[in-house]
$ cat query25.cif   # mmCIF, N, CA and C atoms and all ligand atoms
data_upload
#
loop_
_atom_site.label_atom_id
_atom_site.label_comp_id
_atom_site.auth_asym_id
_atom_site.auth_seq_id
_atom_site.Cartn_x
_atom_site.Cartn_y
_atom_site.Cartn_z
N MET Z 17 80.22 -58.13 24.36
CA MET Z 17 80.87 -59.10 25.25
C MET Z 17 80.04 -60.37 25.28
N SER Z 18 80.68 -61.52 25.11
CA SER Z 18 79.94 -62.75 25.30
C SER Z 18 80.51 -63.45 26.53
N ILE Z 19 79.64 -64.06 27.30
CA ILE Z 19 80.10 -64.74 28.51
C ILE Z 19 79.58 -66.17 28.51
N SER Z 20 80.18 -66.98 29.34
CA SER Z 20 79.79 -68.39 29.43
C SER Z 20 78.35 -68.51 29.93
N PRO Z 21 77.60 -69.48 29.39
CA PRO Z 21 76.24 -69.73 29.89
C PRO Z 21 76.22 -70.10 31.37
N ASN Z 22 77.39 -70.56 31.88
CA ASN Z 22 77.48 -70.95 33.29
C ASN Z 22 77.93 -69.80 34.19
N ALA Z 23 78.24 -68.64 33.60
CA ALA Z 23 78.65 -67.49 34.38
C ALA Z 23 77.45 -66.93 35.15
N PRO Z 24 77.72 -66.18 36.24
CA PRO Z 24 76.60 -65.55 36.94
C PRO Z 24 75.86 -64.59 36.01
N CYS Z 25 74.54 -64.59 36.07
CA CYS Z 25 73.76 -63.75 35.16
C CYS Z 25 74.03 -62.27 35.45
N PRO Z 26 74.27 -61.47 34.41
CA PRO Z 26 74.55 -60.04 34.60
C PRO Z 26 73.43 -59.28 35.32
N CYS Z 27 72.20 -59.82 35.33
CA CYS Z 27 71.09 -59.12 35.98
C CYS Z 27 71.23 -59.11 37.50
N GLY Z 28 72.17 -59.92 38.03
CA GLY Z 28 72.42 -59.88 39.47
C GLY Z 28 71.60 -60.87 40.28
N SER Z 29 70.97 -61.81 39.61
CA SER Z 29 70.09 -62.77 40.30
C SER Z 29 70.84 -63.80 41.13
N GLN Z 30 72.15 -63.92 40.93
CA GLN Z 30 72.99 -64.95 41.56
C GLN Z 30 72.79 -66.32 40.92
N ARG Z 31 72.01 -66.38 39.85
CA ARG Z 31 71.85 -67.64 39.14
C ARG Z 31 72.74 -67.64 37.90
N LYS Z 32 72.89 -68.84 37.31
CA LYS Z 32 73.66 -68.91 36.07
C LYS Z 32 72.87 -68.26 34.94
N LEU Z 33 73.62 -67.63 34.03
CA LEU Z 33 72.99 -66.99 32.87
C LEU Z 33 72.01 -67.93 32.17
N LYS Z 34 72.45 -69.18 31.93
CA LYS Z 34 71.62 -70.11 31.15
C LYS Z 34 70.32 -70.46 31.85
N LYS Z 35 70.32 -70.37 33.20
CA LYS Z 35 69.10 -70.71 33.95
C LYS Z 35 68.30 -69.48 34.33
N CYS Z 36 68.82 -68.29 33.97
CA CYS Z 36 68.14 -67.04 34.35
C CYS Z 36 67.67 -66.36 33.06
N CYS Z 37 68.24 -65.21 32.73
CA CYS Z 37 67.79 -64.47 31.56
C CYS Z 37 68.00 -65.25 30.26
N GLY Z 38 68.97 -66.16 30.26
CA GLY Z 38 69.22 -66.99 29.06
C GLY Z 38 68.00 -67.77 28.61
N VAL Z 39 67.16 -68.15 29.57
CA VAL Z 39 65.94 -68.89 29.25
C VAL Z 39 65.05 -68.05 28.32
N TYR Z 40 64.96 -66.75 28.62
CA TYR Z 40 64.13 -65.85 27.82
C TYR Z 40 64.82 -65.53 26.49
N HIS Z 41 66.13 -65.39 26.54
CA HIS Z 41 66.86 -65.13 25.30
C HIS Z 41 66.66 -66.28 24.30
N ARG Z 42 66.52 -67.50 24.84
CA ARG Z 42 66.34 -68.66 23.95
C ARG Z 42 64.90 -68.80 23.47
N GLY Z 43 63.99 -67.94 23.96
CA GLY Z 43 62.66 -67.94 23.35
C GLY Z 43 61.47 -68.02 24.28
N ARG Z 44 61.67 -68.31 25.58
CA ARG Z 44 60.50 -68.35 26.45
C ARG Z 44 59.93 -66.93 26.60
N PRO Z 45 58.61 -66.77 26.42
CA PRO Z 45 58.02 -65.44 26.58
C PRO Z 45 58.24 -64.93 28.01
N ALA Z 46 58.66 -63.69 28.13
CA ALA Z 46 58.97 -63.14 29.45
C ALA Z 46 57.88 -62.16 29.88
N PRO Z 47 57.32 -62.37 31.08
CA PRO Z 47 56.44 -61.33 31.63
C PRO Z 47 57.29 -60.10 31.99
N PRO Z 48 56.64 -58.93 32.12
CA PRO Z 48 57.41 -57.68 32.26
C PRO Z 48 58.49 -57.69 33.34
N ALA Z 49 58.19 -58.27 34.50
CA ALA Z 49 59.17 -58.24 35.60
C ALA Z 49 60.42 -59.06 35.27
N GLN Z 50 60.31 -60.00 34.32
CA GLN Z 50 61.48 -60.76 33.88
C GLN Z 50 62.07 -60.20 32.58
N LEU Z 51 61.19 -59.59 31.79
CA LEU Z 51 61.65 -59.03 30.51
C LEU Z 51 62.64 -57.89 30.73
N MET Z 52 62.37 -57.08 31.75
CA MET Z 52 63.27 -55.95 32.01
C MET Z 52 64.69 -56.44 32.31
N PRO Z 53 64.88 -57.35 33.32
CA PRO Z 53 66.23 -57.87 33.55
C PRO Z 53 66.79 -58.62 32.34
N ALA Z 54 65.94 -59.33 31.61
CA ALA Z 54 66.43 -60.08 30.44
C ALA Z 54 66.98 -59.12 29.38
N ARG Z 55 66.35 -57.95 29.26
CA ARG Z 55 66.85 -56.95 28.30
C ARG Z 55 68.16 -56.32 28.82
N TYR Z 56 68.24 -56.08 30.12
CA TYR Z 56 69.48 -55.56 30.70
C TYR Z 56 70.62 -56.55 30.42
N THR Z 57 70.35 -57.83 30.66
CA THR Z 57 71.36 -58.86 30.41
C THR Z 57 71.73 -58.92 28.93
N ALA Z 58 70.74 -58.74 28.06
CA ALA Z 58 71.02 -58.74 26.62
C ALA Z 58 71.96 -57.58 26.26
N PHE Z 59 71.74 -56.41 26.88
CA PHE Z 59 72.68 -55.30 26.69
C PHE Z 59 74.08 -55.71 27.18
N ALA Z 60 74.12 -56.34 28.36
CA ALA Z 60 75.41 -56.68 28.99
C ALA Z 60 76.21 -57.67 28.15
N ILE Z 61 75.53 -58.60 27.48
CA ILE Z 61 76.25 -59.60 26.70
C ILE Z 61 76.20 -59.32 25.20
N GLY Z 62 75.61 -58.18 24.82
CA GLY Z 62 75.59 -57.79 23.42
C GLY Z 62 74.64 -58.61 22.56
N ASN Z 63 73.55 -59.09 23.15
CA ASN Z 63 72.55 -59.84 22.38
C ASN Z 63 71.56 -58.85 21.75
N VAL Z 64 72.00 -58.23 20.67
CA VAL Z 64 71.18 -57.16 20.07
C VAL Z 64 69.92 -57.73 19.42
N ASP Z 65 69.98 -58.98 18.98
CA ASP Z 65 68.80 -59.61 18.39
C ASP Z 65 67.65 -59.63 19.40
N TYR Z 66 67.97 -59.99 20.65
CA TYR Z 66 66.93 -60.03 21.68
C TYR Z 66 66.39 -58.63 21.95
N LEU Z 67 67.28 -57.65 22.00
CA LEU Z 67 66.84 -56.27 22.25
C LEU Z 67 65.88 -55.80 21.16
N MET Z 68 66.19 -56.15 19.93
CA MET Z 68 65.36 -55.69 18.82
C MET Z 68 64.00 -56.39 18.81
N ARG Z 69 64.02 -57.71 19.08
CA ARG Z 69 62.72 -58.40 18.99
C ARG Z 69 61.86 -58.22 20.23
N THR Z 70 62.39 -57.57 21.28
CA THR Z 70 61.55 -57.25 22.43
C THR Z 70 61.25 -55.75 22.51
N THR Z 71 61.46 -55.05 21.40
CA THR Z 71 61.13 -53.62 21.32
C THR Z 71 59.80 -53.46 20.58
N HIS Z 72 58.93 -52.65 21.15
CA HIS Z 72 57.61 -52.42 20.53
C HIS Z 72 57.77 -51.59 19.25
N PRO Z 73 57.17 -52.04 18.15
CA PRO Z 73 57.33 -51.32 16.88
C PRO Z 73 56.78 -49.89 16.90
N ALA Z 74 55.91 -49.59 17.86
CA ALA Z 74 55.40 -48.22 17.95
C ALA Z 74 56.20 -47.37 18.94
N GLY Z 75 57.19 -47.96 19.58
CA GLY Z 75 57.98 -47.22 20.57
C GLY Z 75 59.05 -46.36 19.92
N PRO Z 76 59.58 -45.38 20.66
CA PRO Z 76 60.55 -44.44 20.11
C PRO Z 76 61.91 -45.07 19.78
N GLN Z 77 62.20 -46.24 20.35
CA GLN Z 77 63.52 -46.87 20.10
C GLN Z 77 63.53 -47.69 18.81
N TRP Z 78 62.36 -48.02 18.32
CA TRP Z 78 62.26 -48.87 17.13
C TRP Z 78 62.88 -48.19 15.92
N GLN Z 79 63.62 -48.95 15.14
CA GLN Z 79 64.16 -48.43 13.88
C GLN Z 79 63.81 -49.39 12.76
N ASP Z 80 63.36 -48.84 11.64
CA ASP Z 80 62.99 -49.67 10.50
C ASP Z 80 64.21 -50.31 9.83
N ASP Z 81 65.33 -49.60 9.86
CA ASP Z 81 66.55 -50.12 9.27
C ASP Z 81 67.24 -51.04 10.29
N ALA Z 82 66.93 -52.34 10.20
CA ALA Z 82 67.40 -53.29 11.22
C ALA Z 82 68.92 -53.36 11.29
N ALA Z 83 69.59 -53.29 10.15
CA ALA Z 83 71.05 -53.40 10.14
C ALA Z 83 71.69 -52.21 10.84
N ALA Z 84 71.20 -51.02 10.55
CA ALA Z 84 71.73 -49.81 11.19
C ALA Z 84 71.44 -49.82 12.69
N TRP Z 85 70.24 -50.26 13.02
CA TRP Z 85 69.84 -50.34 14.42
C TRP Z 85 70.75 -51.32 15.17
N ALA Z 86 70.97 -52.49 14.59
CA ALA Z 86 71.83 -53.51 15.21
C ALA Z 86 73.24 -52.96 15.42
N ASN Z 87 73.75 -52.24 14.45
CA ASN Z 87 75.09 -51.66 14.58
C ASN Z 87 75.16 -50.66 15.71
N GLU Z 88 74.12 -49.83 15.81
CA GLU Z 88 74.05 -48.82 16.87
C GLU Z 88 74.03 -49.49 18.25
N LEU Z 89 73.20 -50.53 18.37
CA LEU Z 89 73.10 -51.24 19.64
C LEU Z 89 74.42 -51.93 19.98
N ARG Z 90 75.04 -52.55 18.98
CA ARG Z 90 76.31 -53.24 19.20
C ARG Z 90 77.37 -52.27 19.71
N ALA Z 91 77.41 -51.08 19.10
CA ALA Z 91 78.39 -50.07 19.50
C ALA Z 91 78.13 -49.61 20.94
N TYR Z 92 76.86 -49.44 21.27
CA TYR Z 92 76.50 -49.02 22.63
C TYR Z 92 76.91 -50.10 23.64
N CYS Z 93 76.60 -51.36 23.32
CA CYS Z 93 76.92 -52.47 24.24
C CYS Z 93 78.43 -52.56 24.44
N LYS Z 94 79.17 -52.34 23.36
CA LYS Z 94 80.62 -52.51 23.40
C LYS Z 94 81.30 -51.44 24.26
N ARG Z 95 80.78 -50.22 24.22
CA ARG Z 95 81.46 -49.16 24.96
C ARG Z 95 80.92 -48.96 26.38
N THR Z 96 79.97 -49.80 26.77
CA THR Z 96 79.33 -49.64 28.07
C THR Z 96 79.60 -50.86 28.95
N VAL Z 97 79.99 -50.60 30.19
CA VAL Z 97 80.12 -51.66 31.19
C VAL Z 97 78.83 -51.68 32.00
N PHE Z 98 78.21 -52.85 32.04
CA PHE Z 98 76.94 -52.99 32.76
C PHE Z 98 77.25 -53.54 34.15
N ALA Z 99 77.30 -52.62 35.13
CA ALA Z 99 77.88 -52.96 36.43
C ALA Z 99 76.85 -53.38 37.46
N GLY Z 100 75.58 -53.28 37.15
CA GLY Z 100 74.60 -53.74 38.13
C GLY Z 100 73.19 -53.24 37.83
N LEU Z 101 72.23 -54.03 38.27
CA LEU Z 101 70.82 -53.70 38.06
C LEU Z 101 70.05 -53.92 39.35
N VAL Z 102 69.19 -52.97 39.67
CA VAL Z 102 68.25 -53.16 40.78
C VAL Z 102 66.86 -52.85 40.26
N VAL Z 103 65.98 -53.85 40.29
CA VAL Z 103 64.58 -53.60 39.93
C VAL Z 103 63.88 -53.12 41.19
N LEU Z 104 63.32 -51.91 41.11
CA LEU Z 104 62.78 -51.27 42.31
C LEU Z 104 61.29 -51.55 42.49
N ASP Z 105 60.59 -51.65 41.35
CA ASP Z 105 59.14 -51.76 41.45
C ASP Z 105 58.57 -52.23 40.11
N HIS Z 106 57.46 -52.93 40.16
CA HIS Z 106 56.76 -53.20 38.90
C HIS Z 106 55.27 -53.34 39.15
N ASP Z 107 54.50 -52.93 38.18
CA ASP Z 107 53.06 -53.16 38.22
C ASP Z 107 52.61 -53.60 36.84
N VAL Z 108 51.73 -54.59 36.85
CA VAL Z 108 51.29 -55.20 35.60
C VAL Z 108 49.77 -55.18 35.55
N ASP Z 109 49.23 -54.63 34.46
CA ASP Z 109 47.80 -54.73 34.21
C ASP Z 109 47.59 -55.74 33.08
N ASP Z 110 47.32 -56.98 33.48
CA ASP Z 110 47.20 -58.06 32.50
C ASP Z 110 45.98 -57.90 31.60
N ASP Z 111 44.91 -57.29 32.13
CA ASP Z 111 43.70 -57.12 31.33
C ASP Z 111 43.95 -56.18 30.15
N VAL Z 112 44.64 -55.10 30.43
CA VAL Z 112 44.88 -54.08 29.40
C VAL Z 112 46.13 -54.41 28.59
N GLY Z 113 47.05 -55.18 29.18
CA GLY Z 113 48.32 -55.47 28.50
C GLY Z 113 49.30 -54.33 28.59
N ARG Z 114 49.39 -53.78 29.81
CA ARG Z 114 50.21 -52.60 30.03
C ARG Z 114 50.94 -52.76 31.37
N ALA Z 115 52.24 -52.49 31.40
CA ALA Z 115 53.00 -52.68 32.64
C ALA Z 115 54.09 -51.63 32.75
N HIS Z 116 54.48 -51.36 33.99
CA HIS Z 116 55.62 -50.48 34.25
C HIS Z 116 56.64 -51.23 35.10
N VAL Z 117 57.89 -51.03 34.82
CA VAL Z 117 58.97 -51.57 35.66
C VAL Z 117 59.93 -50.42 35.94
N THR Z 118 60.19 -50.19 37.22
CA THR Z 118 61.13 -49.13 37.61
C THR Z 118 62.42 -49.78 38.07
N PHE Z 119 63.53 -49.29 37.55
CA PHE Z 119 64.81 -49.91 37.89
C PHE Z 119 65.92 -48.86 37.95
N ARG Z 120 67.01 -49.29 38.54
CA ARG Z 120 68.23 -48.48 38.54
C ARG Z 120 69.32 -49.32 37.88
N ALA Z 121 69.96 -48.77 36.86
CA ALA Z 121 71.06 -49.48 36.18
C ALA Z 121 72.35 -48.73 36.43
N ASP Z 122 73.38 -49.46 36.87
CA ASP Z 122 74.69 -48.86 37.05
C ASP Z 122 75.55 -49.20 35.85
N LEU Z 123 75.90 -48.16 35.12
CA LEU Z 123 76.66 -48.33 33.89
C LEU Z 123 77.90 -47.46 33.92
N ARG Z 124 78.88 -47.85 33.14
CA ARG Z 124 80.09 -47.04 33.00
C ARG Z 124 80.51 -47.00 31.54
N GLN Z 125 80.97 -45.82 31.14
CA GLN Z 125 81.56 -45.68 29.81
C GLN Z 125 82.89 -44.97 29.97
N ASP Z 126 83.94 -45.58 29.46
CA ASP Z 126 85.30 -45.03 29.62
C ASP Z 126 85.61 -44.74 31.08
N GLY Z 127 85.16 -45.61 31.97
CA GLY Z 127 85.43 -45.46 33.40
C GLY Z 127 84.56 -44.44 34.12
N ILE Z 128 83.67 -43.80 33.38
CA ILE Z 128 82.82 -42.76 33.98
C ILE Z 128 81.43 -43.33 34.26
N PRO Z 129 80.91 -43.12 35.48
CA PRO Z 129 79.56 -43.63 35.77
C PRO Z 129 78.50 -42.92 34.93
N VAL Z 130 77.69 -43.69 34.23
CA VAL Z 130 76.62 -43.12 33.40
C VAL Z 130 75.29 -43.81 33.73
N GLY Z 131 75.18 -44.26 34.98
CA GLY Z 131 73.97 -44.97 35.38
C GLY Z 131 72.75 -44.09 35.40
N PHE Z 132 71.60 -44.73 35.41
CA PHE Z 132 70.35 -43.96 35.44
C PHE Z 132 69.25 -44.82 36.06
N SER Z 133 68.19 -44.12 36.47
CA SER Z 133 66.97 -44.80 36.90
C SER Z 133 65.91 -44.56 35.85
N GLU Z 134 65.12 -45.56 35.60
CA GLU Z 134 64.11 -45.45 34.55
C GLU Z 134 62.83 -46.16 34.97
N ARG Z 135 61.70 -45.56 34.55
CA ARG Z 135 60.41 -46.22 34.66
C ARG Z 135 60.02 -46.62 33.24
N SER Z 136 60.10 -47.91 32.96
CA SER Z 136 59.86 -48.42 31.62
C SER Z 136 58.40 -48.78 31.43
N LEU Z 137 57.93 -48.52 30.24
CA LEU Z 137 56.57 -48.94 29.86
C LEU Z 137 56.67 -50.16 28.95
N PHE Z 138 55.95 -51.21 29.33
CA PHE Z 138 55.86 -52.42 28.50
C PHE Z 138 54.42 -52.59 28.05
N LEU Z 139 54.25 -52.93 26.78
CA LEU Z 139 52.92 -53.18 26.24
C LEU Z 139 52.87 -54.58 25.65
N ARG Z 140 51.73 -55.21 25.76
CA ARG Z 140 51.58 -56.55 25.19
C ARG Z 140 51.05 -56.42 23.76
N LEU Z 141 51.72 -57.12 22.87
CA LEU Z 141 51.33 -57.09 21.46
C LEU Z 141 51.25 -58.53 20.97
N GLU Z 142 50.08 -58.92 20.52
CA GLU Z 142 49.87 -60.29 20.03
C GLU Z 142 50.41 -61.34 21.02
N GLY Z 143 50.12 -61.13 22.29
CA GLY Z 143 50.49 -62.11 23.31
C GLY Z 143 51.88 -61.97 23.88
N HIS Z 144 52.69 -61.09 23.31
CA HIS Z 144 54.07 -60.92 23.79
C HIS Z 144 54.27 -59.54 24.40
N TRP Z 145 54.92 -59.53 25.56
CA TRP Z 145 55.26 -58.26 26.19
C TRP Z 145 56.47 -57.67 25.49
N LEU Z 146 56.40 -56.36 25.22
CA LEU Z 146 57.48 -55.67 24.52
C LEU Z 146 57.80 -54.36 25.23
N TYR Z 147 59.07 -53.96 25.16
CA TYR Z 147 59.49 -52.67 25.71
C TYR Z 147 59.01 -51.56 24.79
N HIS Z 148 58.27 -50.61 25.34
CA HIS Z 148 57.80 -49.50 24.53
C HIS Z 148 58.68 -48.26 24.69
N SER Z 149 58.82 -47.79 25.92
CA SER Z 149 59.54 -46.54 26.15
C SER Z 149 59.88 -46.42 27.62
N GLY Z 150 60.66 -45.42 27.95
CA GLY Z 150 61.03 -45.23 29.34
C GLY Z 150 61.13 -43.77 29.71
N GLU Z 151 60.78 -43.49 30.96
CA GLU Z 151 61.00 -42.14 31.52
C GLU Z 151 62.22 -42.24 32.41
N ILE Z 152 63.24 -41.52 32.05
CA ILE Z 152 64.47 -41.55 32.84
C ILE Z 152 64.38 -40.48 33.92
N SER Z 153 64.56 -40.92 35.18
CA SER Z 153 64.38 -39.96 36.28
C SER Z 153 65.71 -39.41 36.77
N GLU Z 154 66.79 -40.09 36.42
CA GLU Z 154 68.10 -39.62 36.87
C GLU Z 154 69.09 -40.12 35.84
N ASN Z 155 69.80 -39.22 35.23
CA ASN Z 155 70.61 -39.63 34.08
C ASN Z 155 71.86 -38.79 33.99
N ARG Z 156 72.96 -39.48 33.73
CA ARG Z 156 74.21 -38.74 33.57
C ARG Z 156 74.76 -38.87 32.15
N SER Z 157 74.00 -39.54 31.30
CA SER Z 157 74.48 -39.72 29.93
C SER Z 157 73.33 -40.20 29.07
N PRO Z 158 73.34 -39.88 27.79
CA PRO Z 158 72.30 -40.41 26.92
C PRO Z 158 72.40 -41.93 26.80
N GLY Z 159 71.27 -42.59 26.71
CA GLY Z 159 71.25 -44.03 26.50
C GLY Z 159 71.26 -44.33 25.02
N PRO Z 160 71.04 -45.60 24.66
CA PRO Z 160 71.02 -45.96 23.25
C PRO Z 160 69.82 -45.32 22.56
N GLY Z 161 70.01 -44.86 21.36
CA GLY Z 161 68.93 -44.30 20.61
C GLY Z 161 68.58 -42.88 21.00
N SER Z 162 69.29 -42.28 21.93
CA SER Z 162 68.99 -40.91 22.34
C SER Z 162 69.69 -39.92 21.43
ZN ZN K 1 69.26 -62.86 34.73
#
$ encode --input "query25.cif" --output "structure tokens" --more "lines below"
Ligand SMILES: [Zn+2]
Amino acid sequence: MSISPNAPCPCGSQRKLKKCCGVYHRGRPAPPAQLMPARYTAFAIGNVDYLMRTTHPAGPQWQDDAAAWANELRAYCKRTVFAGLVVLDHDVDDDVGRAHVTFRADLRQDGIPVGFSERSLFLRLEGHWLYHSGEISENRSPGPGS
């Protein structure tokens, strides 16, 4: 799904997409507390390029076959309605380059709620924060790459 840059940002900030997560999608480095919503928004609008370039190469979601990975992400984005995000907590260790963000995502597939809560691990690599992996604490459906 693509939406207008002037539409409300899917992350729920009440700001316009272009002034919220869009800023990070266009290239500004995102600290973990912003990277998490920016990745949620990328799922919501089908920006698979952003999802791939903010995934840690050592994480379980990483795929060497970029074309196959992009197709998988596109299919997931297309069949999923991203109905809301709540960031519950985050902690950042800037010295070590390690952060956690805990959130609840409300998702639907074929009208069925498939939301989950996750504690995501972000690691800094060469100055950029990247999504490494997540522990799902409540889940009604497999996520992408599962
Ligand atoms: Zn946003």
$ atom_distance --input "query25.cif" --atom1 "atom CA of Tyr40 of chain Z" --atom2 "atom N of Met68 of chain Z"
12.7 Å
$ residues_near_ligand --input "query25.cif" --ligand "ligand ZN 1 (chain K)" --cutoff "8 Å" --atoms "only C-alpha atoms and all ligand atoms" --output "PyMOL selection string"
chain Z and resi 25-29+31-33+35-38+53-54+57
$ atom_distance --input "query25.cif" --atom1 "atom C of Pro45 of chain Z" --atom2 "atom C of Arg90 of chain Z"
24.4 Å
$ atom_distance --input "query25.cif" --atom1 "atom C of Trp145 of chain Z" --atom2 "atom N of Asn63 of chain Z"
17.3 Å
$ select_by_dssp --input "query25.cif" --residues "chain Z" --states "helix (DSSP H, G or I)" --output "ChimeraX atom specification"
/Z:33-35,37-41,48-61,64-69,82-95
$ residues_around --input "query25.cif" --residues "His116 of chain Z" --least-positions-apart "3" --cutoff "12 Å" --atoms "only C-alpha atoms" --output "tab-separated table (two decimals) with N, CA and C atoms, in the coordinates of the input"
chain	number	residue	atom	x	y	z
Z	47	PRO	N	57.32	-62.37	31.08
Z	47	PRO	CA	56.44	-61.33	31.63
Z	47	PRO	C	57.29	-60.10	31.99
Z	48	PRO	N	56.64	-58.93	32.12
Z	48	PRO	CA	57.41	-57.68	32.26
Z	48	PRO	C	58.49	-57.69	33.34
Z	49	ALA	N	58.19	-58.27	34.50
Z	49	ALA	CA	59.17	-58.24	35.60
Z	49	ALA	C	60.42	-59.06	35.27
Z	50	GLN	N	60.31	-60.00	34.32
Z	50	GLN	CA	61.48	-60.76	33.88
Z	50	GLN	C	62.07	-60.20	32.58
Z	51	LEU	N	61.19	-59.59	31.79
Z	51	LEU	CA	61.65	-59.03	30.51
Z	51	LEU	C	62.64	-57.89	30.73
Z	52	MET	N	62.37	-57.08	31.75
Z	52	MET	CA	63.27	-55.95	32.01
Z	52	MET	C	64.69	-56.44	32.31
Z	103	VAL	N	65.98	-53.85	40.29
Z	103	VAL	CA	64.58	-53.60	39.93
Z	103	VAL	C	63.88	-53.12	41.19
Z	104	LEU	N	63.32	-51.91	41.11
Z	104	LEU	CA	62.78	-51.27	42.31
Z	104	LEU	C	61.29	-51.55	42.49
Z	105	ASP	N	60.59	-51.65	41.35
Z	105	ASP	CA	59.14	-51.76	41.45
Z	105	ASP	C	58.57	-52.23	40.11
Z	106	HIS	N	57.46	-52.93	40.16
Z	106	HIS	CA	56.76	-53.20	38.90
Z	106	HIS	C	55.27	-53.34	39.15
Z	107	ASP	N	54.50	-52.93	38.18
Z	107	ASP	CA	53.06	-53.16	38.22
Z	107	ASP	C	52.61	-53.60	36.84
Z	108	VAL	N	51.73	-54.59	36.85
Z	108	VAL	CA	51.29	-55.20	35.60
Z	108	VAL	C	49.77	-55.18	35.55
Z	109	ASP	N	49.23	-54.63	34.46
Z	109	ASP	CA	47.80	-54.73	34.21
Z	109	ASP	C	47.59	-55.74	33.08
Z	110	ASP	N	47.32	-56.98	33.48
Z	110	ASP	CA	47.20	-58.06	32.50
Z	110	ASP	C	45.98	-57.90	31.60
Z	113	GLY	N	47.05	-55.18	29.18
Z	113	GLY	CA	48.32	-55.47	28.50
Z	113	GLY	C	49.30	-54.33	28.59
Z	119	PHE	N	63.53	-49.29	37.55
Z	119	PHE	CA	64.81	-49.91	37.89
Z	119	PHE	C	65.92	-48.86	37.95
Z	134	GLU	N	65.12	-45.56	35.60
Z	134	GLU	CA	64.11	-45.45	34.55
Z	134	GLU	C	62.83	-46.16	34.97
Z	135	ARG	N	61.70	-45.56	34.55
Z	135	ARG	CA	60.41	-46.22	34.66
Z	135	ARG	C	60.02	-46.62	33.24
Z	136	SER	N	60.10	-47.91	32.96
Z	136	SER	CA	59.86	-48.42	31.62
Z	136	SER	C	58.40	-48.78	31.43
Z	137	LEU	N	57.93	-48.52	30.24
Z	137	LEU	CA	56.57	-48.94	29.86
Z	137	LEU	C	56.67	-50.16	28.95
Z	138	PHE	N	55.95	-51.21	29.33
Z	138	PHE	CA	55.86	-52.42	28.50
Z	138	PHE	C	54.42	-52.59	28.05
Z	139	LEU	N	54.25	-52.93	26.78
Z	139	LEU	CA	52.92	-53.18	26.24
Z	139	LEU	C	52.87	-54.58	25.65
Z	140	ARG	N	51.73	-55.21	25.76
Z	140	ARG	CA	51.58	-56.55	25.19
Z	140	ARG	C	51.05	-56.42	23.76
Z	145	TRP	N	54.92	-59.53	25.56
Z	145	TRP	CA	55.26	-58.26	26.19
Z	145	TRP	C	56.47	-57.67	25.49
Z	146	LEU	N	56.40	-56.36	25.22
Z	146	LEU	CA	57.48	-55.67	24.52
Z	146	LEU	C	57.80	-54.36	25.23
Z	147	TYR	N	59.07	-53.96	25.16
Z	147	TYR	CA	59.49	-52.67	25.71
Z	147	TYR	C	59.01	-51.56	24.79
Z	148	HIS	N	58.27	-50.61	25.34
Z	148	HIS	CA	57.80	-49.50	24.53
Z	148	HIS	C	58.68	-48.26	24.69
Z	149	SER	N	58.82	-47.79	25.92
Z	149	SER	CA	59.54	-46.54	26.15
Z	149	SER	C	59.88	-46.42	27.62
Z	150	GLY	N	60.66	-45.42	27.95
Z	150	GLY	CA	61.03	-45.23	29.34
Z	150	GLY	C	61.13	-43.77	29.71
Z	151	GLU	N	60.78	-43.49	30.96
Z	151	GLU	CA	61.00	-42.14	31.52
Z	151	GLU	C	62.22	-42.24	32.41
$ select_by_dssp --input "query25.cif" --residues "segment 37-154 of chain Z" --states "strand (DSSP E or B)" --output "PyMOL selection string"
chain Z and resi 71+97-109+114-125+128-129+132-141+144-154
$ residues_near_point --input "query25.cif" --point "(73.4, -44.9, 34.4)" --cutoff "6 Å" --atoms "only N, CA and C atoms" --output "MDAnalysis selection string"
chainID Z and resid 121:123 129:133 155:156
$ write_last_selection --input "query25.cif" --atoms "N, CA and C atoms" --output "PDB file, in the coordinates of the input"
ATOM      1  N   ALA Z 121      69.960 -48.770  36.860  1.00  0.00           N
ATOM      2  CA  ALA Z 121      71.060 -49.480  36.180  1.00  0.00           C
ATOM      3  C   ALA Z 121      72.350 -48.730  36.430  1.00  0.00           C
ATOM      4  N   ASP Z 122      73.380 -49.460  36.870  1.00  0.00           N
ATOM      5  CA  ASP Z 122      74.690 -48.860  37.050  1.00  0.00           C
ATOM      6  C   ASP Z 122      75.550 -49.200  35.850  1.00  0.00           C
ATOM      7  N   LEU Z 123      75.900 -48.160  35.120  1.00  0.00           N
ATOM      8  CA  LEU Z 123      76.660 -48.330  33.890  1.00  0.00           C
ATOM      9  C   LEU Z 123      77.900 -47.460  33.920  1.00  0.00           C
ATOM     10  N   PRO Z 129      80.910 -43.120  35.480  1.00  0.00           N
ATOM     11  CA  PRO Z 129      79.560 -43.630  35.770  1.00  0.00           C
ATOM     12  C   PRO Z 129      78.500 -42.920  34.930  1.00  0.00           C
ATOM     13  N   VAL Z 130      77.690 -43.690  34.230  1.00  0.00           N
ATOM     14  CA  VAL Z 130      76.620 -43.120  33.400  1.00  0.00           C
ATOM     15  C   VAL Z 130      75.290 -43.810  33.730  1.00  0.00           C
ATOM     16  N   GLY Z 131      75.180 -44.260  34.980  1.00  0.00           N
ATOM     17  CA  GLY Z 131      73.970 -44.970  35.380  1.00  0.00           C
ATOM     18  C   GLY Z 131      72.750 -44.090  35.400  1.00  0.00           C
ATOM     19  N   PHE Z 132      71.600 -44.730  35.410  1.00  0.00           N
ATOM     20  CA  PHE Z 132      70.350 -43.960  35.440  1.00  0.00           C
ATOM     21  C   PHE Z 132      69.250 -44.820  36.060  1.00  0.00           C
ATOM     22  N   SER Z 133      68.190 -44.120  36.470  1.00  0.00           N
ATOM     23  CA  SER Z 133      66.970 -44.800  36.900  1.00  0.00           C
ATOM     24  C   SER Z 133      65.910 -44.560  35.850  1.00  0.00           C
ATOM     25  N   ASN Z 155      69.800 -39.220  35.230  1.00  0.00           N
ATOM     26  CA  ASN Z 155      70.610 -39.630  34.080  1.00  0.00           C
ATOM     27  C   ASN Z 155      71.860 -38.790  33.990  1.00  0.00           C
ATOM     28  N   ARG Z 156      72.960 -39.480  33.730  1.00  0.00           N
ATOM     29  CA  ARG Z 156      74.210 -38.740  33.570  1.00  0.00           C
ATOM     30  C   ARG Z 156      74.760 -38.870  32.150  1.00  0.00           C
TER      31      ARG Z 156
END
